[in-house]
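Just below is one structure, and these are the notes that go with it.
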Amino acid sequence: SGINAEYWDNRQNQVLDASRGEHVREVGRISEDQFSEEEEIGHQQRVTCVRFHPDNAYLCVSAGWDRTVYMWDIRLEPEKAAVRTIKGPKICGDGLDIQGDKLLSASFSTDNALQLWDLGSGDLIQSIGYRENENEAEYLYSCRYVDSSRVVAGGSGSRDAKIININNDVVEGVFYDTKPIHSVGYKDGLVAAGGVGCYVHVGDFI
């Protein structure tokens with residue numbers, strides 16, 4: 001099967017990919033032939049997102065359809081590498097981000113789709129309000145930190161991407177679309193979002 005998710009970390013030229021359904025591998029450090037079918041552990045369904053910790057080149061996270069986020073320590077043997085699990089988020093796109101000891105997740109769920117987790121304990125810190133209309137589902141695909149107090153997320157429920165202050169759930173900016181948003185990003189003061197539509201939204205909400 002093809003590659004479902006990939007993440008490149010330039011600190012040690014490491015590449016994570018999820019290219020065989022529910023299996024995650026680190027290319028360049030752990031070769032594919034080190035694993036047998038009996039040794040492979042972790043996800044039970046398709047993996048859709050992988051990401052290295054921005055402050056620790058040895059830690060990474062993965063998630064997908066099985067409603068489980070795994071945190072991996074790549075220094076350990078494969079059967080011991082899963083050092084933390086978080087149950088709940090159903091990740092159907094690029095729906096994980098990390099800042100410090102906190103994990104942001106965007107789930108394909110009707111409500112409580114945008115959530116903040118403690119990476120140390122695996123506990124839920126808070127659900128971040130996303131939908132403005134109680135009759136709409138959320139169904140998020142992607143999320144990113146903007147800074148320590150704001151995040152951006154997008155999906156197919158309301159077909160938009162929102163910049164949200166996580167301290168008070170105030171929506172500080174919105175990209176409206178007529179089709180689902182599959183990816184969001186932030187870089188150097190600019191927020192971007194795009195998806196099924198044939199264009200990318202870019203704005204400065206700082």
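Ordering of the structure tokens sets the chain letters (A, B, ...); residue numbers start at 1 within each chain; ligands are numbered from 1 in the order shown.
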Can you tell me which residues surround segment 93-106 of chain A at a distance of at most 8 Å, considering only C-alpha atoms, apart from same-chain residues fewer than 6 positions away, and format the answer as a list in words?
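Within the cut-off, the hits are Ala5, Thr48, Cys49, Val50, Arg51, His53, Pro54, Asp55, Ala63, Gly64, Ala113, Leu114, Gln115, Leu116, Trp117, Asp118, Leu119, Gly120, Leu140, Tyr141, Ser142, Cys143, Arg144, Tyr145, Ser148, Ala153, His182 and Ser183 of chain A.
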Can you tell me, as a VMD selection string, what residues are no more than 10 Å from Thr68 of chain A when counting only C-alpha atoms, ignoring any on the same chain fewer than 4 positions away?
chain A and resid 42 to 45 47 62 to 64 85 to 91
With all heavy atoms retained, export the selected residues as a tab-separated table (two decimals), in the first residue's frame.
chain	number	residue	atom	x	y	z
A	42	GLY	N	1.50	-2.06	18.23
A	42	GLY	CA	0.94	-0.72	18.14
A	42	GLY	C	-0.43	-0.71	17.50
A	42	GLY	O	-1.34	-1.42	17.92
A	43	HIS	N	-0.58	0.09	16.46
A	43	HIS	CA	-1.89	0.38	15.89
A	43	HIS	C	-2.56	-0.85	15.28
A	43	HIS	O	-1.91	-1.69	14.67
A	43	HIS	CB	-1.74	1.48	14.84
A	43	HIS	CG	-1.33	2.79	15.41
A	43	HIS	ND1	-2.19	3.61	16.11
A	43	HIS	CD2	-0.13	3.43	15.41
A	43	HIS	CE1	-1.54	4.70	16.50
A	43	HIS	NE2	-0.29	4.61	16.10
A	44	GLN	N	-3.88	-0.87	15.44
A	44	GLN	CA	-4.69	-1.96	14.91
A	44	GLN	C	-5.40	-1.58	13.62
A	44	GLN	O	-5.98	-2.45	12.97
A	44	GLN	CB	-5.73	-2.38	15.96
A	44	GLN	CG	-5.12	-2.81	17.28
A	44	GLN	CD	-4.16	-3.96	17.13
A	44	GLN	OE1	-4.51	-4.99	16.56
A	44	GLN	NE2	-2.93	-3.79	17.62
A	45	GLN	N	-5.37	-0.31	13.27
A	45	GLN	CA	-6.00	0.15	12.03
A	45	GLN	C	-5.06	1.15	11.36
A	45	GLN	O	-3.96	1.40	11.81
A	45	GLN	CB	-7.37	0.77	12.31
A	45	GLN	CG	-8.38	-0.21	12.90
A	45	GLN	CD	-9.74	0.41	13.09
A	45	GLN	OE1	-10.24	1.15	12.23
A	45	GLN	NE2	-10.35	0.14	14.23
A	47	VAL	N	-2.83	4.06	10.06
A	47	VAL	CA	-2.15	5.19	10.67
A	47	VAL	C	-2.17	6.36	9.70
A	47	VAL	O	-1.81	6.21	8.53
A	47	VAL	CB	-0.69	4.83	11.03
A	47	VAL	CG1	0.03	6.04	11.61
A	47	VAL	CG2	-0.66	3.67	12.01
A	62	SER	N	2.29	8.86	16.96
A	62	SER	CA	1.55	8.39	15.78
A	62	SER	C	0.10	8.17	16.18
A	62	SER	O	-0.21	7.91	17.36
A	62	SER	CB	2.16	7.10	15.24
A	62	SER	OG	2.07	6.05	16.20
A	63	ALA	N	-0.79	8.26	15.20
A	63	ALA	CA	-2.22	8.06	15.47
A	63	ALA	C	-2.94	7.73	14.18
A	63	ALA	O	-2.42	7.94	13.08
A	63	ALA	CB	-2.82	9.31	16.12
A	64	GLY	N	-4.17	7.25	14.32
A	64	GLY	CA	-4.96	6.90	13.15
A	64	GLY	C	-6.39	6.57	13.50
A	64	GLY	O	-6.98	7.18	14.39
A	85	THR	N	0.48	5.71	25.78
A	85	THR	CA	-0.70	5.63	24.91
A	85	THR	C	-1.76	6.59	25.43
A	85	THR	O	-1.91	6.77	26.64
A	85	THR	CB	-1.28	4.21	24.85
A	85	THR	OG1	-1.63	3.77	26.17
A	85	THR	CG2	-0.31	3.24	24.22
A	86	ILE	N	-2.46	7.20	24.49
A	86	ILE	CA	-3.57	8.10	24.81
A	86	ILE	C	-4.79	7.57	24.06
A	86	ILE	O	-4.77	7.47	22.82
A	86	ILE	CB	-3.27	9.54	24.39
A	86	ILE	CG1	-2.11	10.10	25.24
A	86	ILE	CG2	-4.51	10.42	24.53
A	86	ILE	CD1	-1.64	11.47	24.80
A	87	LYS	N	-5.82	7.21	24.77
A	87	LYS	CA	-7.02	6.64	24.17
A	87	LYS	C	-8.06	7.73	23.91
A	87	LYS	O	-8.31	8.57	24.76
A	87	LYS	CB	-7.62	5.58	25.10
A	87	LYS	CG	-6.72	4.38	25.36
A	87	LYS	CD	-6.58	3.53	24.11
A	87	LYS	CE	-5.82	2.24	24.41
A	87	LYS	NZ	-5.70	1.37	23.22
A	88	GLY	N	-8.64	7.68	22.72
A	88	GLY	CA	-9.75	8.59	22.43
A	88	GLY	C	-9.73	9.20	21.04
A	88	GLY	O	-10.69	9.05	20.28
A	89	PRO	N	-8.66	9.93	20.66
A	89	PRO	CA	-8.69	10.66	19.39
A	89	PRO	C	-8.72	9.73	18.17
A	89	PRO	O	-7.88	8.84	18.05
A	89	PRO	CB	-7.39	11.47	19.42
A	89	PRO	CG	-7.01	11.54	20.86
A	89	PRO	CD	-7.47	10.25	21.46
A	90	LYS	N	-9.69	9.93	17.30
A	90	LYS	CA	-9.73	9.25	16.00
A	90	LYS	C	-9.15	10.20	14.96
A	90	LYS	O	-9.79	11.17	14.56
A	90	LYS	CB	-11.15	8.85	15.63
A	90	LYS	CG	-11.22	8.09	14.30
A	90	LYS	CD	-12.64	7.67	13.96
A	90	LYS	CE	-12.66	6.89	12.66
A	90	LYS	NZ	-14.03	6.45	12.30
A	91	ILE	N	-7.91	9.95	14.55
A	91	ILE	CA	-7.18	10.87	13.69
A	91	ILE	C	-7.28	10.40	12.25
A	91	ILE	O	-6.85	9.30	11.91
A	91	ILE	CB	-5.71	10.97	14.14
A	91	ILE	CG1	-5.62	11.34	15.62
A	91	ILE	CG2	-4.97	11.98	13.28
A	91	ILE	CD1	-6.27	12.65	16.00
re atom CA of Asp204 of chain A and atom CA of Gly154 of chain A: distance 16.4 Å
Choose the residue, out of A:Asn168, A:Ser156, A:Ser127, A:Thr178, that has the smallest atom-to-atom separation from Phe108 of chain A; count only C-alpha atoms.
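Checking each candidate against Phe108 of chain A, we get A:Ser156 as the closest.
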Measuring between only C-alpha atoms, which one of A:Asp66, A:Gly173, A:Asn112, A:Tyr58 shows the shortest distance to Glu138 of chain A?
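When distances to Glu138 of chain A are compared using only C-alpha atoms, the smallest one comes from A:Asn112.
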Report as a PDB file with N, CA and C atoms, in the first residue's frame all protein, DNA and RNA residues lying within 12 Å of Glu134 of chain A, evaluated on only C-alpha atoms, omitting residues in the same chain fewer than 6 positions from it.
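Okay, selection-v1.pdb is ready:
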ATOM      1  N   THR A 110     -17.969  14.184  16.112  1.00  0.00           N
ATOM      2  CA  THR A 110     -19.049  15.169  16.001  1.00  0.00           C
ATOM      3  C   THR A 110     -18.832  16.341  16.940  1.00  0.00           C
ATOM      4  N   ASP A 111     -18.296  16.075  18.151  1.00  0.00           N
ATOM      5  CA  ASP A 111     -18.034  17.148  19.102  1.00  0.00           C
ATOM      6  C   ASP A 111     -16.794  16.798  19.926  1.00  0.00           C
ATOM      7  N   ASN A 112     -16.308  17.771  20.690  1.00  0.00           N
ATOM      8  CA  ASN A 112     -15.065  17.604  21.458  1.00  0.00           C
ATOM      9  C   ASN A 112     -13.930  17.065  20.589  1.00  0.00           C
ATOM     10  N   GLY A 157     -16.777  19.350   8.985  1.00  0.00           N
ATOM     11  CA  GLY A 157     -18.084  19.585   9.579  1.00  0.00           C
ATOM     12  C   GLY A 157     -18.686  20.912   9.175  1.00  0.00           C
ATOM     13  N   SER A 158     -17.971  21.994   9.449  1.00  0.00           N
ATOM     14  CA  SER A 158     -18.421  23.331   9.053  1.00  0.00           C
ATOM     15  C   SER A 158     -17.636  23.856   7.865  1.00  0.00           C
TER      16      SER A 158
END
Calculate how many Å separate atom CA of Ile128 of chain A from atom CA of Lys179 of chain A, rounding to one decimal.
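Straight-line distance from atom CA of Ile128 of chain A to atom CA of Lys179 of chain A works out to 22.6 Å.
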Do a neighbour search on Ile163 of chain A at 9 Å with only C-alpha atoms, toss out local chain neighbours closer than 6 positions, and write the hits as a ChimeraX atom specification.
/A:146,150-153,170-175,191,205
